[in-house]
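This is run30.cif (mmCIF, C-alpha atoms).
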```
data_structure
#
loop_
_atom_site.label_atom_id
_atom_site.label_comp_id
_atom_site.auth_asym_id
_atom_site.auth_seq_id
_atom_site.Cartn_x
_atom_site.Cartn_y
_atom_site.Cartn_z
CA MET A 1 147.25 101.95 94.83
CA ARG A 2 144.11 104.02 95.26
CA ASN A 3 142.01 101.04 94.09
CA VAL A 4 143.69 98.73 96.58
CA ILE A 5 142.97 101.16 99.42
CA ALA A 6 139.35 101.51 98.27
CA ALA A 7 138.96 97.72 98.14
CA VAL A 8 140.46 97.31 101.63
CA MET A 9 138.22 100.05 103.04
CA ALA A 10 135.14 98.54 101.43
CA SER A 11 136.04 95.09 102.76
CA THR A 12 136.57 96.50 106.24
CA LEU A 13 133.23 98.29 106.10
CA ALA A 14 131.50 95.12 104.91
CA LEU A 15 133.03 93.07 107.74
CA SER A 16 132.07 95.72 110.26
CA ALA A 17 128.48 95.78 109.01
CA ASN A 18 128.30 91.99 109.14
CA SER A 19 129.55 91.86 112.72
CA GLN A 20 127.08 94.56 113.73
CA ALA A 21 124.26 92.60 112.09
CA ALA A 22 125.25 89.46 113.98
CA GLU A 23 125.32 91.40 117.24
CA VAL A 24 121.89 92.94 116.65
CA VAL A 25 120.35 89.69 115.43
CA THR A 26 121.59 87.72 118.42
CA SER A 27 120.17 90.36 120.74
CA VAL A 28 116.71 89.78 119.29
CA ASN A 29 116.10 86.81 121.56
CA TRP A 30 112.64 86.20 122.95
CA THR A 31 113.58 83.53 125.47
CA PRO A 32 113.19 84.59 129.09
CA ASN A 33 115.73 83.41 131.64
CA ASP A 34 114.65 80.72 134.00
CA GLY A 35 116.51 79.02 136.80
CA ALA A 36 117.46 76.01 134.68
CA THR A 37 119.09 77.97 131.88
CA GLN A 38 120.17 81.18 133.52
CA GLY A 39 123.51 82.15 132.09
CA SER A 40 123.17 79.94 129.02
CA HIS A 41 120.46 82.08 127.46
CA GLN A 42 120.24 85.83 127.50
CA SER A 43 116.86 87.46 127.86
CA HIS A 44 116.38 90.42 125.60
CA MET A 45 112.65 90.28 125.03
CA PHE A 46 111.94 91.36 128.58
CA ASP A 47 114.86 93.77 129.07
CA GLY A 48 113.56 96.93 130.67
CA ILE A 49 110.28 95.32 131.69
CA SER A 50 109.63 94.76 135.37
CA LEU A 51 107.93 91.40 135.70
CA THR A 52 106.06 90.34 138.79
CA GLU A 53 107.12 87.14 140.49
CA ASP A 54 103.85 85.57 139.33
CA GLN A 55 104.60 86.52 135.70
CA ARG A 56 108.11 85.10 135.98
CA GLN A 57 106.80 81.83 137.36
CA GLN A 58 104.15 81.53 134.64
CA MET A 59 106.79 82.16 131.96
CA ARG A 60 109.13 79.59 133.50
CA ASP A 61 106.29 77.09 133.49
CA LEU A 62 105.52 77.83 129.83
CA MET A 63 109.16 77.36 128.84
CA GLN A 64 109.52 74.12 130.78
CA GLN A 65 106.36 72.77 129.17
CA ALA A 66 107.61 73.79 125.71
CA ARG A 67 110.98 72.10 126.30
CA ARG A 68 109.28 68.85 127.31
CA GLN A 69 107.07 68.90 124.20
CA GLN A 70 109.79 69.89 121.75
CA PRO A 71 111.16 67.01 119.69
CA PRO A 72 114.90 66.40 120.04
CA VAL A 73 117.30 67.71 117.42
CA ASN A 74 117.46 65.24 114.54
CA VAL A 75 121.16 64.40 114.49
CA SER A 76 120.77 61.90 111.66
CA GLU A 77 119.52 64.66 109.34
CA MET A 78 122.58 66.74 110.18
CA GLU A 79 124.81 63.74 109.55
CA THR A 80 123.13 63.15 106.18
CA MET A 81 123.78 66.77 105.19
CA HIS A 82 127.41 66.47 106.24
CA LYS A 83 127.83 63.39 104.05
CA LEU A 84 126.30 65.23 101.10
CA VAL A 85 128.59 68.22 101.62
CA THR A 86 131.73 66.10 101.90
CA ALA A 87 130.90 63.72 99.03
CA ASP A 88 133.35 63.35 96.14
CA LYS A 89 130.67 64.50 93.72
CA PHE A 90 128.28 67.30 94.71
CA ASP A 91 124.61 66.33 94.26
CA GLU A 92 122.67 69.58 94.26
CA ASN A 93 119.27 67.89 94.12
CA ALA A 94 120.03 65.66 97.11
CA VAL A 95 121.33 68.64 99.07
CA ARG A 96 118.23 70.64 98.17
CA VAL A 97 115.91 67.83 99.32
CA GLN A 98 117.87 67.41 102.56
CA ALA A 99 117.97 71.17 103.20
CA GLU A 100 114.22 71.46 102.66
CA LYS A 101 113.58 68.56 105.02
CA MET A 102 115.75 70.18 107.69
CA ALA A 103 114.15 73.57 107.08
CA GLN A 104 110.68 72.09 107.56
CA GLU A 105 111.73 70.67 110.93
CA GLN A 106 113.00 74.12 111.87
CA VAL A 107 109.70 75.70 110.79
CA VAL A 108 107.83 73.36 113.14
CA ARG A 109 110.14 74.39 116.00
CA GLN A 110 109.74 78.10 115.24
CA VAL A 111 105.96 77.88 115.08
CA GLU A 112 105.87 76.18 118.47
CA MET A 113 108.24 78.78 119.95
CA ALA A 114 106.10 81.59 118.51
CA ARG A 115 103.06 80.03 120.19
CA VAL A 116 104.86 80.04 123.56
CA ARG A 117 106.07 83.61 123.03
CA ASN A 118 102.51 84.67 122.28
CA GLN A 119 101.36 83.11 125.54
CA MET A 120 104.12 84.98 127.37
CA TYR A 121 103.20 88.24 125.69
CA ARG A 122 99.59 87.81 126.77
CA LEU A 123 100.79 87.52 130.39
CA LEU A 124 102.07 91.11 130.23
CA THR A 125 100.06 94.16 131.25
CA PRO A 126 99.24 96.72 128.53
CA ASP A 127 102.04 98.97 129.87
CA GLN A 128 104.55 96.12 129.75
CA GLN A 129 103.41 95.25 126.22
CA ALA A 130 103.95 98.87 125.16
CA VAL A 131 107.53 98.81 126.53
CA LEU A 132 108.21 95.49 124.81
CA ASN A 133 106.87 96.82 121.50
CA GLU A 134 108.96 99.98 121.82
CA ARG A 135 112.12 97.96 122.46
CA HIS A 136 111.31 95.70 119.53
CA GLN A 137 110.93 98.74 117.27
CA GLN A 138 114.32 100.03 118.43
CA ARG A 139 115.95 96.68 117.52
CA MET A 140 114.25 96.68 114.12
CA ASP A 141 115.55 100.21 113.49
CA GLN A 142 119.06 98.98 114.36
CA LEU A 143 118.69 96.07 111.95
CA ARG A 144 117.50 98.40 109.18
CA GLU A 145 120.54 100.61 109.74
CA VAL A 146 122.88 97.61 109.63
CA ALA A 147 121.19 96.37 106.44
CA ARG A 148 121.59 99.84 104.90
CA MET A 149 125.29 99.87 105.84
CA GLN A 150 125.77 96.40 104.38
CA LYS A 151 124.08 97.39 101.14
CA GLY A 152 126.24 100.49 100.91
CA SER A 153 129.44 98.56 101.57
CA VAL A 154 128.56 95.94 98.96
CA LEU A 155 127.86 98.65 96.41
CA MET A 156 131.14 100.38 97.30
CA LEU A 157 133.08 97.13 97.04
CA SER A 158 131.43 96.33 93.73
CA SER A 159 132.15 99.75 92.25
CA SER A 160 135.77 99.71 93.49
CA SER A 161 136.37 96.28 91.96
CA ASN A 162 134.79 97.43 88.71
CA THR A 163 137.04 100.49 88.69
CA HIS A 164 140.03 98.29 89.44
CA SER A 165 139.25 95.87 86.59
CA ASN A 166 138.74 98.74 84.12
CA GLN A 167 142.21 100.15 84.72
#
```
Render the structure in this file as structure tokens.
Amino acid sequence: MRNVIAAVMASTLALSANSQAAEVVTSVNWTPNDGATQGSHQSHMFDGISLTEDQRQQMRDLMQQARRQQPPVNVSEMETMHKLVTADKFDENAVRVQAEKMAQEQVVRQVEMARVRNQMYRLLTPDQQAVLNERHQQRMDQLREVARMQKGSVLMLSSSSNTHSNQ
């Protein structure tokens, strides 16, 4: 009975840590709000930073330009992956090739977004940059704590299942 309770507690702790990680990760969002997407995207990069109207307009312009230049999502690649996943016989090599192809497309998108974010960052005053960097450090500290909790819960779950199998 004690082992069952330990396993349930470890599972609960692991689920809690995972949900906290998801919450922290989704709050690390560098996309500023603009009129077109307000409400659909949350802005966390600039939380606590007072932007001038000129800065806001320049950032909106950068985001609109980036959206126009960004290639559309490749639906056919997603469909190909779905077919590989639902096939009667799993083909690991084909899945690996498809996953790498999709990952490369994502890398291209992330590099472009990082370029835009860098341009936005350079629009900030040194004081605004300091606030942004401080907030970023706080989020990284939160992520480290969540990762530590996850590691601890996995170790606890592992040791409780080992204890359970030894009895």
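In terms of minimum interatomic distance to A:Glu112, A:Leu62 ranks closest within A:Ala130, A:Leu62, A:Ala87, A:Ala99, counting all atoms listed in the file.
Across the structure, atom CA of A:Pro126 and atom CA of A:Met113 are spaced 21.8 Å apart.
Considering all atoms listed in the file, the residue among A:Gln58, A:Val154, A:Arg109, A:Leu132 positioned nearest to A:Val73 is A:Arg109.
We find atom CA of A:Glu105 and atom CA of A:Asp91 to be spaced 21.5 Å apart.
Going from atom CA of A:Thr80 over to atom CA of A:Ala94, you cover 9.9 Å.
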Report task. Find the spatial neighbours of A:Lys101, counting only C-alpha atoms, within a cut-off of 12 Å - ignore same-chain residues fewer than 4 positions away - and output them as a VMD selection string. Result -> chain A and resid 74 76 to 78 80 to 81 94 to 97 105 to 108
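Here the question is which of A:Thr86, A:Asn133, A:Gln98, A:Gln104 gets nearest to A:Gly48 using all atoms listed in the file, and that residue is A:Asn133.
Close to (108.0, 82.5, 124.9), meaning no more than 8 Å away when counting all atoms listed in the file, sit the residues Trp30, Thr31, Pro32, Met59, Leu62, Met63, Met113, Ala114, Arg115, Val116, Arg117, Asn118, Gln119, Met120 and Tyr121 of chain A.
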Go ahead and write the selection's residues with C-alpha atoms as a PDB file, in the coordinates of the input.
```
ATOM      1  CA  TRP A  30     112.640  86.200 122.950  1.00  0.00           C
ATOM      2  CA  THR A  31     113.580  83.530 125.470  1.00  0.00           C
ATOM      3  CA  PRO A  32     113.190  84.590 129.090  1.00  0.00           C
ATOM      4  CA  MET A  59     106.790  82.160 131.960  1.00  0.00           C
ATOM      5  CA  LEU A  62     105.520  77.830 129.830  1.00  0.00           C
ATOM      6  CA  MET A  63     109.160  77.360 128.840  1.00  0.00           C
ATOM      7  CA  MET A 113     108.240  78.780 119.950  1.00  0.00           C
ATOM      8  CA  ALA A 114     106.100  81.590 118.510  1.00  0.00           C
ATOM      9  CA  ARG A 115     103.060  80.030 120.190  1.00  0.00           C
ATOM     10  CA  VAL A 116     104.860  80.040 123.560  1.00  0.00           C
ATOM     11  CA  ARG A 117     106.070  83.610 123.030  1.00  0.00           C
ATOM     12  CA  ASN A 118     102.510  84.670 122.280  1.00  0.00           C
ATOM     13  CA  GLN A 119     101.360  83.110 125.540  1.00  0.00           C
ATOM     14  CA  MET A 120     104.120  84.980 127.370  1.00  0.00           C
ATOM     15  CA  TYR A 121     103.200  88.240 125.690  1.00  0.00           C
TER      16      TYR A 121
END
```
Some atoms are missing, so please complete stretch 115-139 of chain A with N, CA and C atoms and return it as a short mmCIF file (atom, residue, chain, number, x, y, z; two decimals), keeping the file's coordinate frame.
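Wrote out.cif, looks like this:
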```
data_model
loop_
_atom_site.label_atom_id
_atom_site.label_comp_id
_atom_site.auth_asym_id
_atom_site.auth_seq_id
_atom_site.Cartn_x
_atom_site.Cartn_y
_atom_site.Cartn_z
N ARG A 115 104.26 80.26 119.39
CA ARG A 115 103.06 80.03 120.19
C ARG A 115 103.35 80.32 121.67
N VAL A 116 104.48 79.82 122.16
CA VAL A 116 104.86 80.04 123.56
C VAL A 116 105.11 81.53 123.80
N ARG A 117 105.80 82.17 122.88
CA ARG A 117 106.07 83.61 123.03
C ARG A 117 104.77 84.41 123.08
N ASN A 118 103.80 83.98 122.26
CA ASN A 118 102.51 84.67 122.28
C ASN A 118 101.84 84.51 123.64
N GLN A 119 101.93 83.33 124.21
CA GLN A 119 101.36 83.11 125.54
C GLN A 119 102.06 83.99 126.57
N MET A 120 103.37 84.12 126.45
CA MET A 120 104.12 84.98 127.37
C MET A 120 103.71 86.43 127.20
N TYR A 121 103.58 86.86 125.97
CA TYR A 121 103.20 88.24 125.69
C TYR A 121 101.84 88.55 126.31
N ARG A 122 100.94 87.59 126.23
CA ARG A 122 99.59 87.81 126.77
C ARG A 122 99.59 87.87 128.29
N LEU A 123 100.68 87.41 128.94
CA LEU A 123 100.79 87.52 130.39
C LEU A 123 101.14 88.94 130.83
N LEU A 124 101.64 89.75 129.90
CA LEU A 124 102.07 91.11 130.23
C LEU A 124 100.88 92.05 130.35
N THR A 125 101.06 93.09 131.16
CA THR A 125 100.06 94.16 131.25
C THR A 125 100.17 95.01 129.99
N PRO A 126 99.15 95.81 129.70
CA PRO A 126 99.24 96.72 128.53
C PRO A 126 100.47 97.63 128.58
N ASP A 127 100.85 98.11 129.75
CA ASP A 127 102.04 98.97 129.87
C ASP A 127 103.31 98.18 129.54
N GLN A 128 103.39 96.96 130.05
CA GLN A 128 104.55 96.12 129.75
C GLN A 128 104.61 95.79 128.26
N GLN A 129 103.46 95.53 127.65
CA GLN A 129 103.41 95.25 126.22
C GLN A 129 103.89 96.45 125.41
N ALA A 130 103.51 97.66 125.85
CA ALA A 130 103.95 98.87 125.16
C ALA A 130 105.47 99.01 125.22
N VAL A 131 106.07 98.75 126.38
CA VAL A 131 107.53 98.81 126.53
C VAL A 131 108.18 97.77 125.64
N LEU A 132 107.66 96.56 125.65
CA LEU A 132 108.21 95.49 124.81
C LEU A 132 108.15 95.89 123.33
N ASN A 133 107.02 96.42 122.90
CA ASN A 133 106.87 96.82 121.50
C ASN A 133 107.80 97.97 121.14
N GLU A 134 108.02 98.88 122.06
CA GLU A 134 108.96 99.98 121.82
C GLU A 134 110.39 99.46 121.67
N ARG A 135 110.77 98.56 122.54
CA ARG A 135 112.12 97.96 122.46
C ARG A 135 112.29 97.16 121.18
N HIS A 136 111.26 96.45 120.79
CA HIS A 136 111.31 95.70 119.53
C HIS A 136 111.52 96.66 118.35
N GLN A 137 110.79 97.77 118.36
CA GLN A 137 110.93 98.74 117.27
C GLN A 137 112.35 99.30 117.22
N GLN A 138 112.95 99.54 118.38
CA GLN A 138 114.32 100.03 118.43
C GLN A 138 115.27 99.01 117.80
N ARG A 139 115.09 97.72 118.10
CA ARG A 139 115.95 96.68 117.52
C ARG A 139 115.75 96.58 116.01
#
```
